[in-house]
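In what follows, a single structure is set out as structure tokens and then discussed.
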Amino acid sequence: MFTMRFLASLLFSTVRLSTPLIFSSMGGLITRKSGSNNIALEGTMLISAMSGAVCSAYSQSLVVGLLGAVLSGLLISVFMGFMSLKMQADMTLTGISVNRLSDGLTIFIIFLLVGDKGTTIKLPSLTFPTVSIPVIREIPFVGDVLSGHNLLTYFAFAVVLGVWFLIYKTPLGLKIRAVGESEKAAESVGINVIGIKILAFALTGAICSLGGAYMSMGYLSWFSASMIAGRGFIGMSAMNLSNARPFRTMFVAIMFAGVDALSMTLQTLNLPPEPLQMLPYLVTIIALVVVARHDMKQEELKKKELAMAKKEPA
Amino acid sequence: MSFADTMRKNIIKYFEAIRVAFAVLLAIGMIMIVIFFVSDQPMDVLYWLVIGPVTTLRRFGTIIELLIPLAFCGLGMCMMFQVNRFNLSCDGAFFIAGSATAILALYLDLPPVIFPALIIAVSALVGGCVTVIPAYINEKYKAHIVVSSIMLNYVLLYLGRFLLIHWLKDPTFSYNGTPFFPEHALLTRIVKGTRIHTGIFILVLAVILTWLLVYKTKIGYNMRYSGQNAEFARYVGIDTKKYILSAQFIGGMLAGMGGAIECMGIYQQLNWEVHLGYGFDGMLIAIIAKNNPAVVPIVAFIISYLRAGGDLVNRMTDVPTEFVSVIQSLVVIFIAARALLAPVRHRLLIRDSMAEKGAN
């Protein structure tokens, strides 16, 4: 019975921890589809985590908190898009700088507001409610895993569906994909390429900011300076590893969350925490290598097959 | 030629420098406006930022002390950028070199001079080896180098912390720190009243050697070609992968050297529990210096001045030092923005050629 309980709590944490990864990977997916490489997901999440916690604390309203988070994430993302696309700054460099900017800016702001550089624990921030799903919560094991999560966690899974619908089933999604596949071709049919790309940045910012809001208004009830801890990058890796396909991305994100959950759960045992804390990052690097190797082998196979096919008629 | 014409010609000639200066002033100006709104003592902020670092010898000393690690990271990033790779593992290399330094300094015993020299050499190798990991998987498997190098920084952070907390730390201290290193494993302090140490001579040597390597040797030439125009380099028979990897290895070595020197010169023990965060400053320095190692110390001085000023502002006023990171990131973005001031340059060029036509 202990193992079942342990497994249930591990899977519960997995679902919980997959929330920020799903939001960041879905955000990154949209810019990737539009042909941009947005590596500022981390910074976007950090900024919105901060503004969500601060706005909800000062207004005592969840809606204002959420709006603050989404708006700030959207603004910083559009700023990055504008600087890299309109002002022609190198996108990688801009992304790295936006991440650093968020590190500094969030600490700057919370210090001015609460006089602490680490956390906003002194602020009475609000959190999103947890939801207990009527029928499912009655099912023994499944209910323990799937029910009782934060509202934003369930919303994350809805966002996966939404992003899939947006990208593959709407005219806007078609435009985004067209711009991403061939700018010239898109331009020739009258699509405003830079406009669409900046719009993609805006969407990315809005979606990532939900991940940030979850961290400070759900996962915890305050903002802490190091709370994103690479989750933007891990989400981005999940998206890159699954070649920007929404549902695959979601599964990879859940797998990464599983590693994170394992690391967190084992830390409650009497083990040295550092090697366990290292785990999510190490697994990300290993996954990058393994998948890239696999892709390369597949490509070689394809090439061989092509060569064979060419030979056959002769 | 009239005065206005000469003026215009000079502006066009030094346009890059003017653009950089404009970017810096724009970033500082933007943050200053914010500070004027949020701070009760904005004039004090300005005073401590601009004048503060040169008010006493001790404060001036902090500029030079900080310049040393910043310049090493700047040199490291120059090497990464020479081969056009965004390898951000300087932070990790710097950090883990500190662990290597502590292990050697505490468990080895050698005569003076040789001891620190050996420690620096080994730490540099450690730095190089870790930096080459993301570089290698980028070349071999095309894994995103920014992501893998940042993930690696986290891995190294926890590795270094593990070594410190479970092995190296002196349990009698109230914080996580190793015992202080023996006297002959330290870099001597050379200016009384400051912590400026002999590491500055090693820095001078490193700057000269890196500059020679990049601009005066065949290896450096091949590195630059491999990074800037890989196809052409391969066409003329350069083994691009080898040069791209070795440039990043050297970059990591420089960052590692910086970590060892900082640890032995300033801290004299290891008590790092988080990244010192000099990697981003290194990147900023390399960008402003246009990847030229010879210019790195000058730029490092400016950045160090800004950082020292920021620390004083933090201590003397109600504004936290993090506004300096905001300025720095904006500076990078504004310098990188090629379209910034481009219309001005365009107009100047047109007017210049019109004037020349008129003169003829």
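Numbering starts fresh at 1 for the residues of each chain in the structure tokens, the chains themselves are lettered A, B, ... in the order given, and ligands are numbered from 1 as they appear.
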
**Message:** as a list in words, please: the residues near A:Ile286 (cut-off 10 Å, only C-alpha atoms, same-chain neighbours under 6 positions excluded).
**Reply:**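 The filter keeps Pro280 and Ala292 of chain A; Ile137 and Ser148 of chain B.
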
Restrict the selected residues to N, CA and C atoms and save them as a PDB file, in the first residue's frame.
```pdb
ATOM      1  N   PRO A 280      17.028  17.084 -13.177  1.00  0.00           N
ATOM      2  CA  PRO A 280      16.246  17.576 -14.324  1.00  0.00           C
ATOM      3  C   PRO A 280      17.125  18.172 -15.431  1.00  0.00           C
ATOM      4  N   ALA A 292      18.782  13.860 -30.734  1.00  0.00           N
ATOM      5  CA  ALA A 292      19.517  14.326 -31.912  1.00  0.00           C
ATOM      6  C   ALA A 292      20.196  13.149 -32.609  1.00  0.00           C
TER       7      ALA A 292
ATOM      8  N   ILE B 137      28.488  18.585 -28.189  1.00  0.00           N
ATOM      9  CA  ILE B 137      27.181  18.062 -28.597  1.00  0.00           C
ATOM     10  C   ILE B 137      26.495  19.000 -29.579  1.00  0.00           C
ATOM     11  N   SER B 148      21.836  23.863 -23.924  1.00  0.00           N
ATOM     12  CA  SER B 148      22.668  22.856 -23.268  1.00  0.00           C
ATOM     13  C   SER B 148      23.701  23.514 -22.364  1.00  0.00           C
TER      14      SER B 148
END
```

Using only C-alpha atoms, tabulate the residues of chain B lying at most 7 Å from any atom of chain A, each with its closest atom pair and that distance in Å to one decimal, by chain and increasing residue number, as a tab-separated table.
```
residue	atom	partner	partner_atom	distance
B:Ile137	CA	A:Val289	CA	6.7
B:Tyr141	CA	A:Ala292	CA	5.4
B:Ala143	CA	A:Leu288	CA	6.0
B:Val147	CA	A:Phe233	CA	6.1
B:Ser148	CA	A:Ile285	CA	5.8
B:Met151	CA	A:Tyr281	CA	5.1
B:Tyr154	CA	A:Tyr281	CA	6.6
B:Val155	CA	A:Met278	CA	5.1
B:Tyr158	CA	A:Glu274	CA	5.2
B:Leu159	CA	A:Glu274	CA	6.9
B:Arg161	CA	A:Glu274	CA	6.9
B:Phe162	CA	A:Glu274	CA	5.5
B:Pro320	CA	A:Phe108	CA	6.0
B:Glu322	CA	A:Gly104	CA	4.9
B:Phe323	CA	A:Phe108	CA	6.3
B:Ser325	CA	A:Gly104	CA	5.3
B:Val326	CA	A:Leu101	CA	4.9
B:Ser329	CA	A:Ser97	CA	4.8
B:Val332	CA	A:Ser97	CA	6.7
B:Ile333	CA	A:Thr94	CA	5.5
B:Ala336	CA	A:Ala89	CA	4.6
B:Ala337	CA	A:Ala89	CA	3.7
B:Arg338	CA	A:Gln88	CA	5.3
B:Ala339	CA	A:Met87	CA	4.7
B:Leu340	CA	A:Met87	CA	6.3
```

Residues from last step as file, N, CA and C atoms, as a CSV table (one decimal), in the first residue's frame:
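out05.csv, freshly written:
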```csv
chain,number,residue,atom,x,y,z
B,137,ILE,N,28.5,18.6,-28.2
B,137,ILE,CA,27.2,18.1,-28.6
B,137,ILE,C,26.5,19.0,-29.6
B,141,TYR,N,25.8,16.8,-32.6
B,141,TYR,CA,24.4,16.4,-32.7
B,141,TYR,C,23.5,17.6,-33.0
B,143,ALA,N,22.7,20.0,-31.1
B,143,ALA,CA,21.8,20.4,-29.9
B,143,ALA,C,22.0,21.8,-29.7
B,147,VAL,N,20.8,26.4,-24.8
B,147,VAL,CA,20.1,25.5,-23.9
B,147,VAL,C,21.0,24.6,-23.2
B,148,SER,N,21.8,23.9,-23.9
B,148,SER,CA,22.7,22.9,-23.3
B,148,SER,C,23.7,23.5,-22.4
B,151,MET,N,21.8,24.5,-19.2
B,151,MET,CA,21.6,23.3,-18.4
B,151,MET,C,22.8,22.9,-17.7
B,154,TYR,N,23.6,24.7,-14.6
B,154,TYR,CA,22.9,24.2,-13.4
B,154,TYR,C,23.5,23.0,-12.9
B,155,VAL,N,23.9,22.1,-13.8
B,155,VAL,CA,24.5,20.8,-13.3
B,155,VAL,C,25.8,21.1,-12.5
B,158,TYR,N,25.1,22.6,-9.0
B,158,TYR,CA,24.8,21.6,-7.9
B,158,TYR,C,26.0,20.7,-7.6
B,159,LEU,N,26.8,20.4,-8.7
B,159,LEU,CA,28.0,19.6,-8.4
B,159,LEU,C,28.9,20.3,-7.5
B,161,ARG,N,28.2,22.7,-5.4
B,161,ARG,CA,27.6,22.8,-4.1
B,161,ARG,C,27.7,21.5,-3.3
B,162,PHE,N,27.5,20.4,-4.0
B,162,PHE,CA,27.7,19.1,-3.4
B,162,PHE,C,29.1,18.9,-2.8
B,320,PRO,N,18.4,49.2,-5.2
B,320,PRO,CA,19.2,48.0,-5.2
B,320,PRO,C,20.2,47.9,-6.4
B,322,GLU,N,20.7,45.8,-8.5
B,322,GLU,CA,20.3,45.1,-9.8
B,322,GLU,C,19.9,46.0,-10.9
B,323,PHE,N,19.8,47.3,-10.7
B,323,PHE,CA,19.5,48.2,-11.8
B,323,PHE,C,20.7,48.1,-12.8
B,325,SER,N,22.2,45.4,-13.7
B,325,SER,CA,22.0,44.3,-14.7
B,325,SER,C,21.0,44.7,-15.7
B,326,VAL,N,20.0,45.5,-15.3
B,326,VAL,CA,19.0,46.0,-16.3
B,326,VAL,C,19.7,46.9,-17.3
B,329,SER,N,21.8,44.7,-19.7
B,329,SER,CA,21.0,43.9,-20.7
B,329,SER,C,20.5,44.8,-21.8
B,332,VAL,N,23.3,45.6,-24.2
B,332,VAL,CA,23.5,44.6,-25.2
B,332,VAL,C,22.5,44.6,-26.3
B,333,ILE,N,21.2,44.8,-25.9
B,333,ILE,CA,20.1,44.7,-26.9
B,333,ILE,C,20.3,45.9,-27.9
B,336,ALA,N,23.2,45.5,-30.2
B,336,ALA,CA,22.9,44.5,-31.2
B,336,ALA,C,21.9,45.0,-32.2
B,337,ALA,N,21.1,46.0,-31.9
B,337,ALA,CA,20.1,46.4,-32.8
B,337,ALA,C,20.7,47.2,-34.0
B,338,ARG,N,20.9,46.5,-35.1
B,338,ARG,CA,21.6,47.1,-36.2
B,338,ARG,C,20.8,48.3,-36.8
B,339,ALA,N,19.5,48.2,-36.6
B,339,ALA,CA,18.7,49.3,-37.2
B,339,ALA,C,18.7,50.6,-36.4
B,340,LEU,N,19.3,50.5,-35.2
B,340,LEU,CA,19.3,51.6,-34.3
B,340,LEU,C,20.3,52.7,-34.9
```

**Request:** Could you give me, as a PyMOL selection string, each residue of stretch 148-292 of chain A that DSSP assigns to helix (DSSP H, G or I) when run on this structure's backbone?
**Result:** chain A and resi 151-169+171-181+183-188+193-219+231-241+246-267+273-292

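Reported to one decimal place, the separation of atom CA of B:Ser149 from atom CA of B:Ile238 is 25.8 Å.
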
**Request:** Mind checking which residues fall within 12 Å of stretch 158-161 of chain A, counting only C-alpha atoms, ignoring those fewer than 6 positions away in the same chain, and posting them as a VMD selection string?
**Result:** chain A and resid 19 to 27 29 to 30 151 to 152 167 to 169 203 to 204 206 to 208 210 to 211 239 244 to 251 253

Next, the residues of the selection above should be written as a PDB file, in the first residue's frame with C-alpha atoms.
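Saved result, out.pdb, follows:
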```pdb
ATOM      1  CA  THR A  19       2.096  22.867 -15.656  1.00  0.00           C
ATOM      2  CA  PRO A  20       4.914  25.418 -16.090  1.00  0.00           C
ATOM      3  CA  LEU A  21       6.662  23.169 -18.621  1.00  0.00           C
ATOM      4  CA  ILE A  22       3.528  22.785 -20.726  1.00  0.00           C
ATOM      5  CA  PHE A  23       2.886  26.521 -20.736  1.00  0.00           C
ATOM      6  CA  SER A  24       6.462  27.392 -21.650  1.00  0.00           C
ATOM      7  CA  SER A  25       6.735  24.722 -24.311  1.00  0.00           C
ATOM      8  CA  MET A  26       3.412  25.709 -25.878  1.00  0.00           C
ATOM      9  CA  GLY A  27       4.505  29.328 -25.869  1.00  0.00           C
ATOM     10  CA  LEU A  29       5.990  26.326 -30.037  1.00  0.00           C
ATOM     11  CA  ILE A  30       4.177  29.308 -31.514  1.00  0.00           C
ATOM     12  CA  LEU A 151      -7.123  25.548 -11.936  1.00  0.00           C
ATOM     13  CA  LEU A 152      -4.176  26.624 -14.092  1.00  0.00           C
ATOM     14  CA  ILE A 167      -1.850  26.428 -35.422  1.00  0.00           C
ATOM     15  CA  TYR A 168      -3.539  23.818 -37.605  1.00  0.00           C
ATOM     16  CA  LYS A 169      -7.175  24.849 -37.883  1.00  0.00           C
ATOM     17  CA  LEU A 203       0.982  34.933 -28.167  1.00  0.00           C
ATOM     18  CA  THR A 204       4.097  33.232 -26.826  1.00  0.00           C
ATOM     19  CA  ALA A 206       0.818  35.497 -23.100  1.00  0.00           C
ATOM     20  CA  ILE A 207       0.998  31.689 -22.866  1.00  0.00           C
ATOM     21  CA  CYS A 208       4.363  31.627 -21.082  1.00  0.00           C
ATOM     22  CA  LEU A 210       0.460  31.698 -17.454  1.00  0.00           C
ATOM     23  CA  GLY A 211       3.307  29.364 -16.548  1.00  0.00           C
ATOM     24  CA  MET A 239       9.239  21.557 -27.703  1.00  0.00           C
ATOM     25  CA  ALA A 244       7.126  21.509 -32.317  1.00  0.00           C
ATOM     26  CA  ARG A 245       4.206  19.088 -32.527  1.00  0.00           C
ATOM     27  CA  PRO A 246       1.705  20.124 -29.822  1.00  0.00           C
ATOM     28  CA  PHE A 247       0.666  16.763 -28.373  1.00  0.00           C
ATOM     29  CA  ARG A 248       4.096  15.206 -28.542  1.00  0.00           C
ATOM     30  CA  THR A 249       5.478  18.337 -26.903  1.00  0.00           C
ATOM     31  CA  MET A 250       2.981  17.884 -24.103  1.00  0.00           C
ATOM     32  CA  PHE A 251       4.087  14.299 -23.500  1.00  0.00           C
ATOM     33  CA  ALA A 253       6.993  18.059 -21.073  1.00  0.00           C
TER      34      ALA A 253
END
```

**Item:** Contacts of B:Tyr305 within 10 Å, only C-alpha atoms, excl. fewer than 5 positions in-chain, as a PyMOL selection string
**Value:** chain B and resi 49-54+59-60+62-64+66-67+299-300+310-311

Go ahead and write the selection's residues with C-alpha atoms as an mmCIF file, in the first residue's frame.
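Listed below is the output, part.cif:
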```cif
data_model
loop_
_atom_site.group_PDB
_atom_site.id
_atom_site.type_symbol
_atom_site.label_atom_id
_atom_site.label_comp_id
_atom_site.auth_asym_id
_atom_site.auth_seq_id
_atom_site.Cartn_x
_atom_site.Cartn_y
_atom_site.Cartn_z
ATOM 1 C CA LEU B 49 27.197 55.639 -9.545
ATOM 2 C CA VAL B 50 29.383 58.155 -11.369
ATOM 3 C CA ILE B 51 31.717 59.655 -8.759
ATOM 4 C CA GLY B 52 31.466 57.084 -5.972
ATOM 5 C CA PRO B 53 33.939 54.496 -7.263
ATOM 6 C CA VAL B 54 36.804 57.022 -7.374
ATOM 7 C CA ARG B 59 36.682 51.970 -3.675
ATOM 8 C CA PHE B 60 38.943 52.442 -6.678
ATOM 9 C CA THR B 62 37.271 47.353 -5.966
ATOM 10 C CA ILE B 63 37.080 48.390 -9.629
ATOM 11 C CA ILE B 64 40.416 46.736 -10.359
ATOM 12 C CA LEU B 66 36.386 43.144 -10.124
ATOM 13 C CA LEU B 67 38.007 43.909 -13.468
ATOM 14 C CA VAL B 299 35.835 47.545 -21.639
ATOM 15 C CA ALA B 300 36.116 45.387 -18.521
ATOM 16 C CA GLY B 310 26.052 49.960 -8.564
ATOM 17 C CA ASP B 311 27.291 48.284 -5.380
#
```

Surrounding residues of stretch 7-12 of chain B excluding itself and chain neighbours under 3 positions, 10 Å, only C-alpha atoms, as a PDB file with C-alpha atoms, in the first residue's frame:
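Below you can see out18.pdb, which holds the result:
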```pdb
ATOM      1  CA  SER B   2      34.327  73.136 -44.760  1.00  0.00           C
ATOM      2  CA  PHE B   3      34.273  72.402 -41.053  1.00  0.00           C
ATOM      3  CA  ALA B   4      30.859  70.768 -41.316  1.00  0.00           C
ATOM      4  CA  PHE B  15      30.014  55.783 -36.352  1.00  0.00           C
ATOM      5  CA  GLU B  16      30.321  52.375 -34.663  1.00  0.00           C
ATOM      6  CA  ALA B  17      31.878  53.934 -31.553  1.00  0.00           C
ATOM      7  CA  ILE B  18      29.224  56.649 -31.494  1.00  0.00           C
ATOM      8  CA  VAL B 344      20.945  58.700 -39.311  1.00  0.00           C
ATOM      9  CA  ARG B 345      24.010  57.077 -40.803  1.00  0.00           C
ATOM     10  CA  HIS B 346      22.225  56.686 -44.110  1.00  0.00           C
ATOM     11  CA  LEU B 348      24.871  61.385 -43.276  1.00  0.00           C
ATOM     12  CA  LEU B 349      26.308  59.223 -46.050  1.00  0.00           C
ATOM     13  CA  ARG B 351      24.771  64.268 -47.493  1.00  0.00           C
ATOM     14  CA  ASP B 352      28.469  63.430 -47.587  1.00  0.00           C
TER      15      ASP B 352
END
```

**Request:** From stretch 22-215 of chain A, collect each residue whose DSSP state is strand (DSSP E or B) and return the set as a PyMOL selection string.
**Result:** chain A and resi 119+130-131+149-150

Write a file of the selected residues as an mmCIF file, in the first residue's frame, keeping N, CA and C atoms.
```
data_model
loop_
_atom_site.group_PDB
_atom_site.id
_atom_site.type_symbol
_atom_site.label_atom_id
_atom_site.label_comp_id
_atom_site.auth_asym_id
_atom_site.auth_seq_id
_atom_site.Cartn_x
_atom_site.Cartn_y
_atom_site.Cartn_z
ATOM 1 N N THR A 119 12.421 37.021 -1.830
ATOM 2 C CA THR A 119 11.039 36.606 -2.061
ATOM 3 C C THR A 119 10.072 37.740 -1.731
ATOM 4 N N THR A 130 -7.789 25.332 -6.173
ATOM 5 C CA THR A 130 -7.651 23.971 -6.677
ATOM 6 C C THR A 130 -9.037 23.439 -6.995
ATOM 7 N N VAL A 131 -9.071 22.518 -7.925
ATOM 8 C CA VAL A 131 -10.352 22.006 -8.405
ATOM 9 C C VAL A 131 -10.428 20.518 -8.096
ATOM 10 N N HIS A 149 -6.053 19.341 -8.538
ATOM 11 C CA HIS A 149 -4.976 20.200 -9.022
ATOM 12 C C HIS A 149 -5.428 21.649 -9.091
ATOM 13 N N ASN A 150 -4.455 22.503 -9.354
ATOM 14 C CA ASN A 150 -4.733 23.918 -9.501
ATOM 15 C C ASN A 150 -5.520 24.157 -10.782
#
```

**Request:** Quote the spacing between atom CA of A:Leu67 and atom CA of A:Gly43 in Å to one decimal place.
**Result:**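 Between atom CA of A:Leu67 and atom CA of A:Gly43 the gap works out to 17.6 Å.
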
**Asked** Within 12 Å of B:Ala233, counting only C-alpha atoms, which residues qualify if same-chain residues fewer than 6 places away don't, as a PyMOL selection string?
**Response** chain B and resi 83+221-227+239-244

**Request:** For B:Lys192, work out the shell of residues within 12 Å, counting only C-alpha atoms and skipping chain neighbours fewer than 6 positions away, then give it as a PyMOL selection string.
**Result:** chain B and resi 57-58+61

**Fill in**
Computed gap from atom CA of B:Gly98 to atom CA of B:Ala185 is 13.4 Å
